[in-house]
file final-v9.txt (compact mmCIF, C-alpha atoms and all ligand atoms)
# COMPACT_ATOMS: atom_id res chain seq x y z
CA MET A 1 7.60 -8.10 173.37
CA HIS A 2 7.74 -9.17 169.75
CA GLU A 3 7.05 -6.70 166.96
CA PRO A 4 6.16 -8.14 163.57
CA GLU A 5 8.56 -7.36 160.76
CA PHE A 6 8.11 -5.55 157.48
CA PRO A 7 5.91 -5.86 155.45
CA VAL A 8 3.46 -6.40 158.35
CA LEU A 9 5.23 -3.76 160.40
CA ARG A 10 4.95 -0.37 158.70
CA LEU A 11 5.71 2.41 161.17
CA ARG A 12 4.73 5.01 158.57
CA ARG A 13 1.06 3.93 158.94
CA LEU A 14 0.63 6.14 161.99
CA ARG A 15 2.45 9.09 160.42
CA ARG A 16 0.34 9.43 157.30
CA THR A 17 -2.05 12.23 158.33
CA PRO A 18 -2.06 15.03 160.91
CA ALA A 19 -4.92 13.28 162.74
CA LEU A 20 -2.97 10.04 163.04
CA ARG A 21 0.13 11.90 164.16
CA GLY A 22 -1.90 13.83 166.74
CA LEU A 23 -3.48 10.63 168.04
CA THR A 24 -0.14 8.96 168.61
CA ARG A 25 1.84 11.96 169.85
CA GLU A 26 3.76 10.97 172.98
CA THR A 27 4.76 14.36 174.37
CA ARG A 28 2.61 17.43 174.53
CA LEU A 29 3.76 20.83 175.72
CA SER A 30 1.28 23.01 177.46
CA ALA A 31 1.41 26.56 178.72
CA ASP A 32 0.39 25.55 182.24
CA ARG A 33 3.74 23.77 182.63
CA ILE A 34 5.82 26.69 181.44
CA LEU A 35 7.38 29.42 183.60
CA CYS A 36 8.48 32.71 182.06
CA PRO A 37 11.64 34.37 183.41
CA LEU A 38 11.28 38.17 183.77
CA PHE A 39 13.79 40.86 184.74
CA VAL A 40 12.55 43.64 186.97
CA ARG A 41 14.30 47.00 187.38
CA GLU A 42 13.78 50.43 188.91
CA GLY A 43 11.78 53.17 187.23
CA GLU A 44 8.33 53.61 185.80
CA GLY A 45 6.96 52.77 182.40
CA VAL A 46 10.29 51.18 181.49
CA ARG A 47 10.55 48.43 178.88
CA GLU A 48 14.25 48.31 178.14
CA PRO A 49 15.34 45.86 175.43
CA ILE A 50 18.12 43.41 176.37
CA PRO A 51 20.63 43.47 173.48
CA SER A 52 21.93 39.92 173.95
CA MET A 53 18.39 38.52 174.17
CA PRO A 54 16.31 40.06 171.40
CA GLY A 55 12.63 40.01 172.36
CA GLN A 56 13.41 40.17 176.11
CA TYR A 57 13.18 43.28 178.29
CA ARG A 58 14.12 44.72 181.64
CA LEU A 59 10.79 45.88 183.03
CA SER A 60 9.90 48.39 185.71
CA VAL A 61 7.38 47.10 188.27
CA ASP A 62 4.35 48.66 186.53
CA ALA A 63 5.44 47.32 183.13
CA LEU A 64 5.97 43.90 184.70
CA VAL A 65 2.41 43.89 186.04
CA ALA A 66 1.13 44.70 182.54
CA GLU A 67 3.28 41.95 181.03
CA ALA A 68 2.04 39.49 183.66
CA ARG A 69 -1.54 40.19 182.64
CA GLU A 70 -0.73 39.14 179.07
CA LEU A 71 1.12 36.04 180.25
CA ALA A 72 -1.82 35.01 182.44
CA ASP A 73 -4.26 35.49 179.54
CA LEU A 74 -2.10 33.12 177.52
CA GLY A 75 -2.48 30.44 180.18
CA LEU A 76 1.13 30.37 181.35
CA ALA A 77 1.81 28.88 184.77
CA GLY A 78 3.84 31.67 186.22
CA VAL A 79 6.84 33.94 186.20
CA LEU A 80 10.36 33.49 187.52
CA LEU A 81 11.58 36.86 188.76
CA PHE A 82 15.12 38.24 188.62
CA GLY A 83 15.92 41.64 190.10
CA LEU A 84 18.19 44.47 189.05
CA PRO A 85 18.60 46.52 192.23
CA GLY A 86 19.27 50.27 192.24
CA SER A 87 22.51 49.72 194.14
CA LYS A 88 24.77 46.81 195.09
CA ASP A 89 26.97 46.06 198.11
CA PRO A 90 29.38 43.33 199.26
CA THR A 91 26.68 41.25 201.02
CA GLY A 92 23.92 41.67 198.45
CA SER A 93 21.51 43.26 200.91
CA GLY A 94 19.18 44.17 198.03
CA ALA A 95 18.21 40.50 197.97
CA TRP A 96 16.59 40.50 201.40
CA VAL A 97 15.53 44.06 202.25
CA GLU A 98 11.81 44.55 202.62
CA ASP A 99 11.61 47.01 199.74
CA GLY A 100 13.93 45.04 197.43
CA ILE A 101 13.08 45.21 193.76
CA VAL A 102 11.70 41.67 193.50
CA GLN A 103 9.81 42.12 196.78
CA ARG A 104 8.13 45.21 195.28
CA ALA A 105 7.34 43.36 192.07
CA ALA A 106 5.79 40.47 194.00
CA ARG A 107 3.66 42.84 196.07
CA ALA A 108 2.49 44.64 192.94
CA LEU A 109 1.51 41.34 191.30
CA ARG A 110 -0.39 40.34 194.44
CA GLU A 111 -2.17 43.70 194.59
CA ALA A 112 -3.08 43.41 190.91
CA GLY A 113 -4.66 40.03 191.67
CA SER A 114 -2.44 38.19 189.19
CA PRO A 115 -3.33 34.49 188.96
CA LEU A 116 0.23 33.63 187.94
CA LEU A 117 2.51 31.66 190.22
CA VAL A 118 5.20 34.08 191.33
CA VAL A 119 8.52 32.27 191.64
CA ALA A 120 11.57 34.17 192.88
CA ASP A 121 15.10 33.22 191.92
CA LEU A 122 17.03 33.18 195.17
CA CYS A 123 20.63 34.26 194.74
CA LEU A 124 22.99 37.07 195.66
CA CYS A 125 24.83 37.58 192.34
CA GLU A 126 22.52 40.31 191.04
CA TYR A 127 22.88 42.16 194.36
CA THR A 128 26.58 41.88 195.27
CA ASP A 129 29.00 44.49 193.97
CA HIS A 130 31.51 41.70 193.20
CA GLY A 131 28.92 39.67 191.29
CA HIS A 132 29.45 36.36 193.09
CA CYS A 133 26.52 34.27 194.34
CA GLY A 134 27.67 34.43 197.95
CA VAL A 135 29.68 36.62 200.30
CA LEU A 136 33.46 36.74 199.96
CA GLU A 137 35.92 35.86 202.69
CA GLY A 138 39.59 36.08 201.84
CA GLY A 139 38.74 36.24 198.13
CA GLU A 140 36.67 33.03 198.29
CA VAL A 141 32.93 32.60 198.16
CA ALA A 142 32.16 31.58 201.72
CA ASN A 143 29.54 28.83 201.91
CA ASP A 144 28.11 28.89 205.42
CA PRO A 145 27.87 32.66 205.94
CA THR A 146 25.94 32.83 202.65
CA LEU A 147 23.31 30.34 203.86
CA GLU A 148 21.89 32.71 206.44
CA LEU A 149 21.57 35.48 203.84
CA LEU A 150 19.76 33.19 201.41
CA ALA A 151 17.34 32.14 204.16
CA ARG A 152 16.74 35.77 205.03
CA ALA A 153 16.04 36.59 201.38
CA ALA A 154 13.59 33.66 201.14
CA VAL A 155 11.63 34.87 204.16
CA SER A 156 11.54 38.43 202.87
CA LEU A 157 10.29 37.23 199.46
CA ALA A 158 7.63 35.04 201.06
CA GLU A 159 6.46 37.99 203.15
CA ALA A 160 6.20 40.02 199.93
CA GLY A 161 3.85 37.44 198.43
CA VAL A 162 6.09 35.15 196.39
CA ASP A 163 4.51 31.68 195.93
CA ILE A 164 7.70 29.64 195.43
CA VAL A 165 11.40 30.30 196.04
CA ALA A 166 14.12 28.90 193.79
CA PRO A 167 17.58 28.94 195.41
CA SER A 168 20.22 29.10 192.66
CA ALA A 169 23.45 30.04 194.43
CA MET A 170 24.81 26.46 194.48
CA MET A 171 25.95 26.72 198.10
CA ASP A 172 26.06 23.40 199.96
CA GLY A 173 23.15 23.19 202.37
CA GLN A 174 21.20 26.04 200.80
CA VAL A 175 17.94 24.11 200.50
CA ALA A 176 18.03 23.06 204.16
CA ALA A 177 18.86 26.62 205.23
CA VAL A 178 16.03 28.09 203.17
CA ARG A 179 13.56 25.44 204.38
CA ARG A 180 14.49 26.07 207.99
CA GLY A 181 14.27 29.83 207.52
CA LEU A 182 10.82 29.64 205.96
CA ASP A 183 9.53 27.19 208.56
CA GLU A 184 10.83 29.26 211.47
CA ALA A 185 9.16 32.32 209.96
CA GLY A 186 5.84 30.47 209.90
CA ARG A 187 5.84 29.84 206.15
CA PRO A 188 5.98 26.03 205.88
CA GLU A 189 3.60 26.15 202.90
CA ILE A 190 6.10 27.82 200.54
CA PRO A 191 7.63 25.25 198.14
CA ILE A 192 11.27 25.20 197.07
CA ILE A 193 12.32 24.64 193.47
CA ALA A 194 15.98 23.71 193.90
CA TYR A 195 18.44 24.60 191.18
CA ALA A 196 19.94 21.26 192.10
CA ALA A 197 22.04 20.39 189.07
CA LYS A 198 23.22 23.80 187.98
CA PHE A 199 26.29 23.63 185.79
CA ALA A 200 29.01 26.28 185.46
CA SER A 201 27.88 26.97 181.92
CA ALA A 202 28.99 29.30 179.16
CA PHE A 203 25.33 29.31 178.10
CA TYR A 204 24.57 31.86 180.87
CA GLY A 205 26.46 34.61 179.02
CA PRO A 206 23.48 36.64 177.77
CA PHE A 207 21.76 36.40 181.18
CA ARG A 208 24.73 37.95 182.92
CA GLU A 209 24.46 40.93 180.59
CA ALA A 210 20.68 41.05 181.13
CA ALA A 211 20.94 40.85 184.92
CA ASP A 212 24.26 42.68 185.21
CA SER A 213 25.52 39.79 187.32
CA ALA A 214 28.83 38.73 185.81
CA PRO A 215 31.46 38.15 188.51
CA ALA A 216 33.90 41.06 188.65
CA SER A 217 36.78 38.61 189.02
CA GLY A 218 37.14 34.87 188.66
CA ASP A 219 34.29 32.62 187.67
CA ARG A 220 31.65 30.40 189.25
CA ARG A 221 33.42 27.06 188.86
CA GLY A 222 34.18 26.93 192.57
CA TYR A 223 30.49 26.45 193.35
CA GLN A 224 28.55 25.59 190.18
CA MET A 225 28.93 22.07 188.77
CA ALA A 226 31.52 20.89 186.28
CA PRO A 227 29.87 20.17 182.91
CA PRO A 228 31.50 16.74 182.47
CA ASN A 229 29.97 15.36 185.71
CA GLY A 230 26.68 13.53 185.25
CA ARG A 231 26.88 11.24 188.28
CA GLU A 232 27.74 14.16 190.54
CA ALA A 233 24.59 15.92 189.27
CA LEU A 234 22.53 13.02 190.62
CA ARG A 235 24.27 13.35 193.99
CA GLU A 236 23.46 17.07 194.05
CA MET A 237 19.83 16.27 193.33
CA ALA A 238 19.63 13.55 195.97
CA ALA A 239 21.18 15.94 198.50
CA ASP A 240 18.65 18.66 197.68
CA LEU A 241 15.74 16.24 197.98
CA ALA A 242 17.04 15.12 201.36
CA GLU A 243 17.27 18.77 202.43
CA GLY A 244 13.63 19.33 201.57
CA ALA A 245 13.47 20.41 197.94
CA ASP A 246 9.97 20.06 196.48
CA VAL A 247 11.03 20.31 192.83
CA LEU A 248 14.45 19.54 191.33
CA MET A 249 15.89 21.52 188.45
CA VAL A 250 18.47 20.79 185.77
CA LYS A 251 20.10 23.79 184.13
CA PRO A 252 20.93 24.43 181.28
CA ALA A 253 18.49 22.16 179.48
CA LEU A 254 19.43 20.90 176.00
CA PRO A 255 23.13 20.25 176.65
CA TYR A 256 22.15 18.29 179.78
CA LEU A 257 19.20 16.20 178.59
CA ASP A 258 21.06 13.06 179.66
CA VAL A 259 21.14 14.37 183.23
CA LEU A 260 17.45 15.19 183.03
CA ARG A 261 16.63 11.68 181.76
CA ARG A 262 18.70 10.02 184.49
CA ALA A 263 17.01 12.21 187.09
CA ARG A 264 13.60 11.25 185.70
CA GLU A 265 14.46 7.58 186.10
CA ARG A 266 15.84 8.00 189.60
CA PHE A 267 13.58 10.53 191.35
CA ASP A 268 9.81 10.74 191.68
CA ALA A 269 9.79 14.46 192.56
CA PRO A 270 8.66 16.92 189.90
CA LEU A 271 11.50 17.96 187.61
CA ALA A 272 12.10 21.35 186.08
CA ALA A 273 14.50 22.23 183.28
CA TYR A 274 15.77 25.70 182.48
CA HIS A 275 16.26 26.48 178.79
CA VAL A 276 18.75 29.25 179.52
CA SER A 277 19.68 32.57 177.98
CA GLY A 278 22.39 31.22 175.67
CA GLU A 279 20.09 28.53 174.36
CA TYR A 280 17.52 31.24 173.62
CA ALA A 281 20.05 33.64 172.10
CA MET A 282 21.45 31.02 169.71
CA ILE A 283 18.03 30.30 168.28
CA ALA A 284 17.15 33.99 168.13
CA ALA A 285 20.40 34.87 166.33
CA ALA A 286 20.25 32.06 163.78
CA ALA A 287 16.59 32.82 163.08
CA GLU A 288 17.39 36.51 162.58
CA ARG A 289 19.85 35.47 159.88
CA GLY A 290 17.22 33.33 158.25
CA TRP A 291 19.23 30.18 158.90
CA ILE A 292 16.59 28.42 160.98
CA ASP A 293 12.87 28.71 161.63
CA ARG A 294 12.48 30.36 165.06
CA GLN A 295 9.12 28.84 165.94
CA ALA A 296 9.89 25.34 164.72
CA VAL A 297 13.30 25.17 166.41
CA ALA A 298 12.00 26.65 169.66
CA LEU A 299 9.07 24.24 169.85
CA GLU A 300 11.24 21.26 168.93
CA SER A 301 13.72 22.25 171.66
CA LEU A 302 11.04 22.66 174.33
CA THR A 303 9.31 19.42 173.32
CA SER A 304 12.62 17.57 173.56
CA ILE A 305 13.11 18.91 177.08
CA ALA A 306 9.66 17.60 178.04
CA ARG A 307 10.33 14.28 176.31
CA ALA A 308 13.57 13.83 178.25
CA GLY A 309 11.58 14.09 181.48
CA ALA A 310 10.89 17.68 182.50
CA ASP A 311 7.49 18.35 184.04
CA ILE A 312 8.15 22.08 184.18
CA VAL A 313 9.96 24.05 181.49
CA ILE A 314 11.45 27.47 182.16
CA THR A 315 12.05 29.37 178.94
CA TYR A 316 12.40 32.85 177.46
CA PHE A 317 10.16 31.54 174.66
CA ALA A 318 7.32 31.19 177.19
CA LYS A 319 5.10 33.90 175.79
CA GLU A 320 5.62 32.94 172.16
CA ALA A 321 5.26 29.24 172.93
CA ALA A 322 1.95 29.88 174.68
CA THR A 323 0.78 31.73 171.58
CA TRP A 324 2.00 29.00 169.24
CA LEU A 325 0.36 26.29 171.33
CA ARG A 326 -3.08 27.93 171.33
C1 LIG B 401 21.98 33.03 189.31
C2 LIG B 401 21.35 32.64 188.03
C3 LIG B 401 21.94 32.64 186.76
C4 LIG B 401 20.98 32.20 185.87
C5 LIG B 401 19.82 31.97 186.60
N1 LIG B 401 20.08 32.24 187.95
C6 LIG B 401 23.27 33.10 186.32
C7 LIG B 401 24.48 32.44 186.77
O1 LIG B 401 24.47 31.44 187.48
O2 LIG B 401 25.53 32.97 186.42
C8 LIG B 401 21.19 32.03 184.39
C9 LIG B 401 19.94 31.93 183.60
C10 LIG B 401 20.14 32.05 182.14
O3 LIG B 401 21.26 32.01 181.60
O4 LIG B 401 19.11 32.18 181.47
N2 LIG B 401 21.24 33.95 190.01

call {"tool": "encode", "arguments": {"input": "final-v9.txt", "output": "structure tokens", "more": "lines below"}}
Ligand code: PBG
result
Amino acid sequence: MHEPEFPVLRLRRLRRTPALRGLTRETRLSADRILCPLFVREGEGVREPIPSMPGQYRLSVDALVAEARELADLGLAGVLLFGLPGSKDPTGSGAWVEDGIVQRAARALREAGSPLLVVADLCLCEYTDHGHCGVLEGGEVANDPTLELLARAAVSLAEAGVDIVAPSAMMDGQVAAVRRGLDEAGRPEIPIIAYAAKFASAFYGPFREAADSAPASGDRRGYQMAPPNGREALREMAADLAEGADVLMVKPALPYLDVLRRARERFDAPLAAYHVSGEYAMIAAAAERGWIDRQAVALESLTSIARAGADIVITYFAKEAATWLR
């Protein structure tokens, strides 16, 4: 294709007025493609601020139902639930027991008739006393014994009324195990959003404070992906698709937009990107100091994630973004 040259070509022509810019806008964010992460804890009437994530809260089940009503009124697609259990143990049983904290939250949302999609993060790290995403054997995170526990948690969450499960433990074979578990339990209709390319990222710092899920010893580099590895991320995604993932996720988002773009070019499945806690906290902190404009930087970040190829954006700015986009 041949473009004319200046002075015939004047790219500023289409930038001159807001109407022209609106007409030629290539990427548009909308609330119905955004999922809002929420943290649910024990108690009643609790709305506990999270220090490392100003503007975010740990909510008791009743407060979460109230919050969900506001999110639904704003047109958001759904919530991604993380649980803070009352007690932890070596196998993370709080993740799969019938009256687990996320299970109770899901039931309460169902009973309240919430139109939001209820997505449950599927991992053990918030529920194990050692803080790792799987069970330990000889000081190592054991892959295969963890699979059965993740499948059990998925079934328990589906029974509680969750619409979608999102395995995030980065165990090999976790998507297949969860798919098989759901199918055998008679829940073949429940989709899986696979945290397929989940990097061992320093950007999760504020989340680990929020969810009280930092590993007591060691780190997650033995199971989460190495940040330098873009090709390996594509292999992870291909593996998850083959295991039955319905949606593939890249996480974190902005530092990995290249991975997202390559995934967009390679796979036809819906793609999600998670703008994580550290990405949120950096914007929040700089805006608090008056160094950047919170709304403008947040919207530019989320739009860039969509432009790179994400169909679904998961962000702690969900509620604000929905308000800004009205
Ligand atoms: C694991 C999980 C984590 C996040 C989402 N799911 C933490 C981790 O892997 O250490 C991080 C999300 C964020 O930083 O916003 N259950």

call {"tool": "closest_residue", "arguments": {"input": "final-v9.txt", "among": "A:Ala158, A:Ala214, A:Leu299, A:Ile312", "to": "ligand LIG 401 (chain B)", "atoms": "only C-alpha atoms and all ligand atoms"}}
result
A:Ala214

call {"tool": "residues_around", "arguments": {"input": "final-v9.txt", "residues": "Val119 (chain A)", "least_positions_apart": "4", "cutoff": "8 Å", "atoms": "only C-alpha atoms", "output": "NGL selection string"}}
result
:A and (78-81 or 162-166)

call {"tool": "residues_around", "arguments": {"input": "final-v9.txt", "residues": "Glu232 (chain A)", "least_positions_apart": "3", "cutoff": "12 Å", "atoms": "only C-alpha atoms", "output": "ChimeraX atom specification"}}
result
/A:196-199,224-229,235-239,259,262-263

call {"tool": "write_last_selection", "arguments": {"input": "final-v9.txt", "atoms": "C-alpha atoms", "output": "PDB file, keeping the file's coordinate frame"}}
result
ATOM      1  CA  ALA A 196      19.940  21.260 192.100  1.00  0.00           C
ATOM      2  CA  ALA A 197      22.040  20.390 189.070  1.00  0.00           C
ATOM      3  CA  LYS A 198      23.220  23.800 187.980  1.00  0.00           C
ATOM      4  CA  PHE A 199      26.290  23.630 185.790  1.00  0.00           C
ATOM      5  CA  GLN A 224      28.550  25.590 190.180  1.00  0.00           C
ATOM      6  CA  MET A 225      28.930  22.070 188.770  1.00  0.00           C
ATOM      7  CA  ALA A 226      31.520  20.890 186.280  1.00  0.00           C
ATOM      8  CA  PRO A 227      29.870  20.170 182.910  1.00  0.00           C
ATOM      9  CA  PRO A 228      31.500  16.740 182.470  1.00  0.00           C
ATOM     10  CA  ASN A 229      29.970  15.360 185.710  1.00  0.00           C
ATOM     11  CA  ARG A 235      24.270  13.350 193.990  1.00  0.00           C
ATOM     12  CA  GLU A 236      23.460  17.070 194.050  1.00  0.00           C
ATOM     13  CA  MET A 237      19.830  16.270 193.330  1.00  0.00           C
ATOM     14  CA  ALA A 238      19.630  13.550 195.970  1.00  0.00           C
ATOM     15  CA  ALA A 239      21.180  15.940 198.500  1.00  0.00           C
ATOM     16  CA  VAL A 259      21.140  14.370 183.230  1.00  0.00           C
ATOM     17  CA  ARG A 262      18.700  10.020 184.490  1.00  0.00           C
ATOM     18  CA  ALA A 263      17.010  12.210 187.090  1.00  0.00           C
TER      19      ALA A 263
END

call {"tool": "atom_distance", "arguments": {"input": "final-v9.txt", "atom1": "CA of Ala106 (chain A)", "atom2": "CA of Asn143 (chain A)"}}
result
27.6 Å

call {"tool": "residues_near_ligand", "arguments": {"input": "final-v9.txt", "ligand": "ligand LIG 401 (chain B)", "cutoff": "7 Å", "atoms": "all atoms listed in the file", "output": "ChimeraX atom specification"}}
result
/A:121-126,133,168-169,203-208,213-214,275-278

call {"tool": "residues_around", "arguments": {"input": "final-v9.txt", "residues": "region 187-192 of chain A", "least_positions_apart": "6", "cutoff": "12 Å", "atoms": "all atoms listed in the file", "output": "VMD selection string"}}
result
chain A and resid 117 to 122 151 154 to 168 174 to 181 240 to 241 243 to 249 269 to 272

call {"tool": "closest_residue", "arguments": {"input": "final-v9.txt", "among": "A:Ala68, A:Leu59, A:Ala194, A:Leu76", "to": "Phe317 (chain A)", "atoms": "all atoms listed in the file"}}
result
A:Leu76

call {"tool": "closest_residue", "arguments": {"input": "final-v9.txt", "among": "A:Lys319, A:His2, A:Arg110, A:His130", "to": "Glu70 (chain A)", "atoms": "only C-alpha atoms"}}
result
A:Lys319

call {"tool": "residues_around", "arguments": {"input": "final-v9.txt", "residues": "Lys88 (chain A)", "least_positions_apart": "4", "cutoff": "7 Å", "atoms": "only C-alpha atoms", "output": "MDAnalysis selection string"}}
result
chainID A and resid 92 94 127:129

call {"tool": "residues_near_point", "arguments": {"input": "final-v9.txt", "point": "(39.7, 36.2, 188.5)", "cutoff": "12 Å", "atoms": "only C-alpha atoms", "output": "ChimeraX atom specification"}}
result
/A:130-132,139-140,214-222

call {"tool": "write_last_selection", "arguments": {"input": "final-v9.txt", "atoms": "C-alpha atoms", "output": "PDB file, in the frame of the given file"}}
result
ATOM      1  CA  HIS A 130      31.510  41.700 193.200  1.00  0.00           C
ATOM      2  CA  GLY A 131      28.920  39.670 191.290  1.00  0.00           C
ATOM      3  CA  HIS A 132      29.450  36.360 193.090  1.00  0.00           C
ATOM      4  CA  GLY A 139      38.740  36.240 198.130  1.00  0.00           C
ATOM      5  CA  GLU A 140      36.670  33.030 198.290  1.00  0.00           C
ATOM      6  CA  ALA A 214      28.830  38.730 185.810  1.00  0.00           C
ATOM      7  CA  PRO A 215      31.460  38.150 188.510  1.00  0.00           C
ATOM      8  CA  ALA A 216      33.900  41.060 188.650  1.00  0.00           C
ATOM      9  CA  SER A 217      36.780  38.610 189.020  1.00  0.00           C
ATOM     10  CA  GLY A 218      37.140  34.870 188.660  1.00  0.00           C
ATOM     11  CA  ASP A 219      34.290  32.620 187.670  1.00  0.00           C
ATOM     12  CA  ARG A 220      31.650  30.400 189.250  1.00  0.00           C
ATOM     13  CA  ARG A 221      33.420  27.060 188.860  1.00  0.00           C
ATOM     14  CA  GLY A 222      34.180  26.930 192.570  1.00  0.00           C
TER      15      GLY A 222
END

call {"tool": "atom_distance", "arguments": {"input": "final-v9.txt", "atom1": "CA of Thr146 (chain A)", "atom2": "CA of Asp89 (chain A)"}}
result
14.0 Å

call {"tool": "atom_distance", "arguments": {"input": "final-v9.txt", "atom1": "CA of Asp62 (chain A)", "atom2": "CA of Val40 (chain A)"}}
result
9.6 Å

call {"tool": "closest_residue", "arguments": {"input": "final-v9.txt", "among": "A:Ala286, A:Ala211, A:Ala281, A:Met170", "to": "Ala233 (chain A)", "atoms": "all atoms listed in the file"}}
result
A:Met170

call {"tool": "closest_residue", "arguments": {"input": "final-v9.txt", "among": "A:Leu20, A:Leu64, A:Met53, A:Leu35", "to": "Ile283 (chain A)", "atoms": "only C-alpha atoms"}}
result
A:Met53

call {"tool": "axis_aligned_box", "arguments": {"input": "final-v9.txt", "around": "region 210-218 of chain A", "padding_each_side": "5 Å", "output": "JSON"}}
result
{"center_x": 28.9, "center_y": 38.8, "center_z": 185.1, "size_x": 26.5, "size_y": 17.8, "size_z": 17.9}

call {"tool": "closest_residue", "arguments": {"input": "final-v9.txt", "among": "A:Ala287, A:Leu38, A:Ile314, A:Leu11", "to": "Ile193 (chain A)", "atoms": "all atoms listed in the file"}}
result
A:Ile314

call {"tool": "residues_near_point", "arguments": {"input": "final-v9.txt", "point": "(12.6, 38.1, 175.5)", "cutoff": "9 Å", "atoms": "only C-alpha atoms", "output": "PyMOL selection string"}}
result
chain A and resi 37-38+49-50+53-57+280+316-319

call {"tool": "write_last_selection", "arguments": {"input": "final-v9.txt", "atoms": "C-alpha atoms", "output": "PDB file, in the coordinates of the input"}}
result
ATOM      1  CA  PRO A  37      11.640  34.370 183.410  1.00  0.00           C
ATOM      2  CA  LEU A  38      11.280  38.170 183.770  1.00  0.00           C
ATOM      3  CA  PRO A  49      15.340  45.860 175.430  1.00  0.00           C
ATOM      4  CA  ILE A  50      18.120  43.410 176.370  1.00  0.00           C
ATOM      5  CA  MET A  53      18.390  38.520 174.170  1.00  0.00           C
ATOM      6  CA  PRO A  54      16.310  40.060 171.400  1.00  0.00           C
ATOM      7  CA  GLY A  55      12.630  40.010 172.360  1.00  0.00           C
ATOM      8  CA  GLN A  56      13.410  40.170 176.110  1.00  0.00           C
ATOM      9  CA  TYR A  57      13.180  43.280 178.290  1.00  0.00           C
ATOM     10  CA  TYR A 280      17.520  31.240 173.620  1.00  0.00           C
ATOM     11  CA  TYR A 316      12.400  32.850 177.460  1.00  0.00           C
ATOM     12  CA  PHE A 317      10.160  31.540 174.660  1.00  0.00           C
ATOM     13  CA  ALA A 318       7.320  31.190 177.190  1.00  0.00           C
ATOM     14  CA  LYS A 319       5.100  33.900 175.790  1.00  0.00           C
TER      15      LYS A 319
END

call {"tool": "residues_around", "arguments": {"input": "final-v9.txt", "residues": "Leu302 (chain A)", "least_positions_apart": "4", "cutoff": "9 Å", "atoms": "only C-alpha atoms", "output": "ChimeraX atom specification"}}
result
/A:29,254,275,297-298,306-307,313,315,317,321

call {"tool": "build_atoms", "arguments": {"input": "final-v9.txt", "residues": "region 319-323 of chain A", "atoms": "all heavy atoms", "output": "CSV table (one decimal), keeping the file's coordinate frame"}}
result
chain,number,residue,atom,x,y,z
A,319,LYS,N,6.2,33.2,176.3
A,319,LYS,CA,5.1,33.9,175.8
A,319,LYS,C,4.8,33.5,174.4
A,319,LYS,O,3.6,33.2,174.0
A,319,LYS,CB,5.4,35.4,175.8
A,319,LYS,CG,4.2,36.3,175.6
A,319,LYS,CD,4.7,37.7,175.7
A,319,LYS,CE,3.5,38.7,175.6
A,319,LYS,NZ,4.0,40.1,175.7
A,320,GLU,N,5.8,33.4,173.5
A,320,GLU,CA,5.6,32.9,172.2
A,320,GLU,C,5.1,31.5,172.1
A,320,GLU,O,4.2,31.2,171.4
A,320,GLU,CB,6.9,33.0,171.4
A,320,GLU,CG,7.4,34.3,170.9
A,320,GLU,CD,8.8,34.3,170.4
A,320,GLU,OE1,9.7,34.3,171.2
A,320,GLU,OE2,8.9,34.2,169.2
A,321,ALA,N,5.7,30.6,172.9
A,321,ALA,CA,5.3,29.2,172.9
A,321,ALA,C,3.8,29.1,173.3
A,321,ALA,O,3.0,28.4,172.7
A,321,ALA,CB,6.1,28.4,173.9
A,322,ALA,N,3.4,29.9,174.3
A,322,ALA,CA,2.0,29.9,174.7
A,322,ALA,C,1.1,30.3,173.5
A,322,ALA,O,0.0,29.8,173.3
A,322,ALA,CB,1.7,30.8,175.9
A,323,THR,N,1.5,31.3,172.8
A,323,THR,CA,0.8,31.7,171.6
A,323,THR,C,0.8,30.6,170.5
A,323,THR,O,-0.3,30.3,170.0
A,323,THR,CB,1.4,33.0,171.0
A,323,THR,OG1,1.7,33.9,172.1
A,323,THR,CG2,0.5,33.7,170.0
